[in-house]
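> This is the structure, below, for whatever I ask next.
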Amino acid sequence: MLEESSFCDRCFWSGMRSFKVPIKVPTAEGEEMMSLVKDFSLPTHCIVHGEDGDCWIPCCCCLPAIKTIAPDGTVVGKAKYVCDIFLYVPKIMAYDADGNKQYLIRPDTCCCDCCPVCECGGRGGNCLYMPFYIRDPTTKQKIEGGPGGKGLDAQIRNLWAGAKKECCTSADHYFVVFPKGSSTATKGALLGATALLDYTVFEEKDGGASWSRGRPTTPHSRVWAPVAEPLSARDHTGGRISTSRELVEACSV
């Protein structure tokens, strides 16, 4: 999944840029199966650098959102960053095609929901990680994952891609466990939520969904390598998706 955006957007207003991520069928024609589209928006926060330190100012309007669009132009889902009183806990709300709240995506929290909670036991450089669980938007309870999730709750998690890829590329790998019984449209919308999570949370290390005054930002384009269930037609136990064909199969099951 390769982001398409202009150099000027990435260079001058990286944290507010618009972009498109086409998801294509891996054939010679390369027919587009769906696309993830983000319009120009405000960043999640602004950082003002001064001699006495940095000032972190949250933005609570015109926040980043990504629409999942079918080839005929129909919007099948939407994901939007959420701003509330718990500013240090990143949250994303997923909506269905009719604009109804479908899922709340956020990590576990502590200290009266004020702080996110990390978990231990990941592999490689991700021995400490923060899974973003897919929850009921009303009760905020975790939702059961599908059969390819190996008994895990529905979630989105950033994975360690290996020392070579982490050091030499901008590609990120994600593990996605879709909710049990998810439709193709729902899976596509959750891929949009994954891209938005990368843009607003994990891209921050590269000067992502923020706007900095006083220091230059580095222009960059993102590459996402989703990990979802199932891995392929041969293995429905969950695992890494490394090709467009495996991504198509994951969305079609």
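Identifiers in this document derive from the order of the structure tokens: chains are assigned A, B, ..., residues are numbered from 1 separately in each chain, and ligands are numbered from 1 in order of occurrence.
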Which of range 78-211 of chain A end up as strand (DSSP E or B) when DSSP is run on this backbone - answer as a PyMOL selection string?
chain A and resi 78-82+91-95+101-106+109-110+115-116+119-120+128-129+132-135+142+144-145+153+155-159+171-177+179+210-211
> Export, as an mmCIF file, in the first residue's frame, the selected residues with C-alpha atoms.

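After the write, part.cif holds the following:
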data_model
loop_
_atom_site.group_PDB
_atom_site.id
_atom_site.type_symbol
_atom_site.label_atom_id
_atom_site.label_comp_id
_atom_site.auth_asym_id
_atom_site.auth_seq_id
_atom_site.Cartn_x
_atom_site.Cartn_y
_atom_site.Cartn_z
ATOM 1 C CA LYS A 78 -14.769 6.271 7.171
ATOM 2 C CA ALA A 79 -12.262 6.577 10.012
ATOM 3 C CA LYS A 80 -11.728 9.800 11.954
ATOM 4 C CA TYR A 81 -9.311 10.813 14.698
ATOM 5 C CA VAL A 82 -11.083 11.624 17.974
ATOM 6 C CA LYS A 91 -8.429 7.214 19.512
ATOM 7 C CA ILE A 92 -10.043 6.596 16.140
ATOM 8 C CA MET A 93 -13.757 6.226 15.423
ATOM 9 C CA ALA A 94 -14.787 4.037 12.484
ATOM 10 C CA TYR A 95 -18.068 4.740 10.694
ATOM 11 C CA LYS A 101 -20.524 4.849 14.534
ATOM 12 C CA GLN A 102 -19.291 1.285 14.059
ATOM 13 C CA TYR A 103 -16.093 0.845 16.087
ATOM 14 C CA LEU A 104 -13.951 2.748 18.568
ATOM 15 C CA ILE A 105 -10.260 1.953 18.189
ATOM 16 C CA ARG A 106 -7.980 2.732 21.144
ATOM 17 C CA THR A 109 -5.821 2.655 29.546
ATOM 18 C CA CYS A 110 -4.997 3.292 33.203
ATOM 19 C CA CYS A 115 -2.822 7.106 30.036
ATOM 20 C CA PRO A 116 -2.420 4.334 27.435
ATOM 21 C CA GLU A 119 2.039 -4.723 26.698
ATOM 22 C CA CYS A 120 5.119 -6.942 26.761
ATOM 23 C CA LEU A 128 7.100 -3.586 24.242
ATOM 24 C CA TYR A 129 4.086 -2.693 22.107
ATOM 25 C CA PHE A 132 -5.139 -0.678 19.510
ATOM 26 C CA TYR A 133 -8.227 -2.747 20.270
ATOM 27 C CA ILE A 134 -11.357 -2.528 18.147
ATOM 28 C CA ARG A 135 -14.257 -1.847 20.505
ATOM 29 C CA LYS A 142 -13.330 -5.272 23.137
ATOM 30 C CA GLU A 144 -14.077 -10.799 19.490
ATOM 31 C CA GLY A 145 -11.630 -11.377 16.666
ATOM 32 C CA ASP A 153 -9.493 -9.828 20.289
ATOM 33 C CA GLN A 155 -7.080 -5.193 17.128
ATOM 34 C CA ILE A 156 -4.505 -3.240 15.128
ATOM 35 C CA ARG A 157 -0.857 -3.512 16.107
ATOM 36 C CA ASN A 158 2.371 -2.105 14.726
ATOM 37 C CA LEU A 159 4.988 -4.823 14.134
ATOM 38 C CA ALA A 171 7.648 0.915 5.375
ATOM 39 C CA ASP A 172 5.591 -0.011 8.427
ATOM 40 C CA HIS A 173 4.057 -3.409 9.126
ATOM 41 C CA TYR A 174 0.740 -3.846 10.908
ATOM 42 C CA PHE A 175 -1.068 -6.816 12.389
ATOM 43 C CA VAL A 176 -4.836 -6.516 11.935
ATOM 44 C CA VAL A 177 -7.343 -8.894 13.510
ATOM 45 C CA PRO A 179 -13.899 -8.477 14.115
ATOM 46 C CA SER A 210 1.763 17.507 13.780
ATOM 47 C CA TRP A 211 2.824 20.954 12.651
#
> Could you pull out all residues of range 88-205 of chain A with a DSSP call of helix (DSSP H, G or I) and give them as a VMD selection string?
chain A and resid 124 to 126 147 to 149 163 to 168 184 to 200 202 to 205
> Taking into account only C-alpha atoms, which residue in the set A:Cys127, A:Met34, A:Leu42, A:Val117 is nearest to Lys20 in chain A?
A:Met34
> Neighbouring residues of Pro58 in chain A were defined as those with any atom within 10 Å, considering only C-alpha atoms; residues of the same chain fewer than 4 positions away were excluded. Please report them as a ChimeraX atom specification.
/A:43-47,83,87-88,210
> Do you have the CA of Lys180 in chain A-CA of Pro107 in chain A distance handy?
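So the answer is 19.0 Å.
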> Using only C-alpha atoms, find the one residue out of A:Arg17, A:Lys140, A:Lys24, A:His49 that sits nearest to Leu63 in chain A.
A:Arg17
> Compare A:Ala65, A:Cys111, A:Val37, A:Leu2 by their minimum atom-to-atom distance to Phe19 in chain A, counting only C-alpha atoms, and give me the closest one.
A:Val37
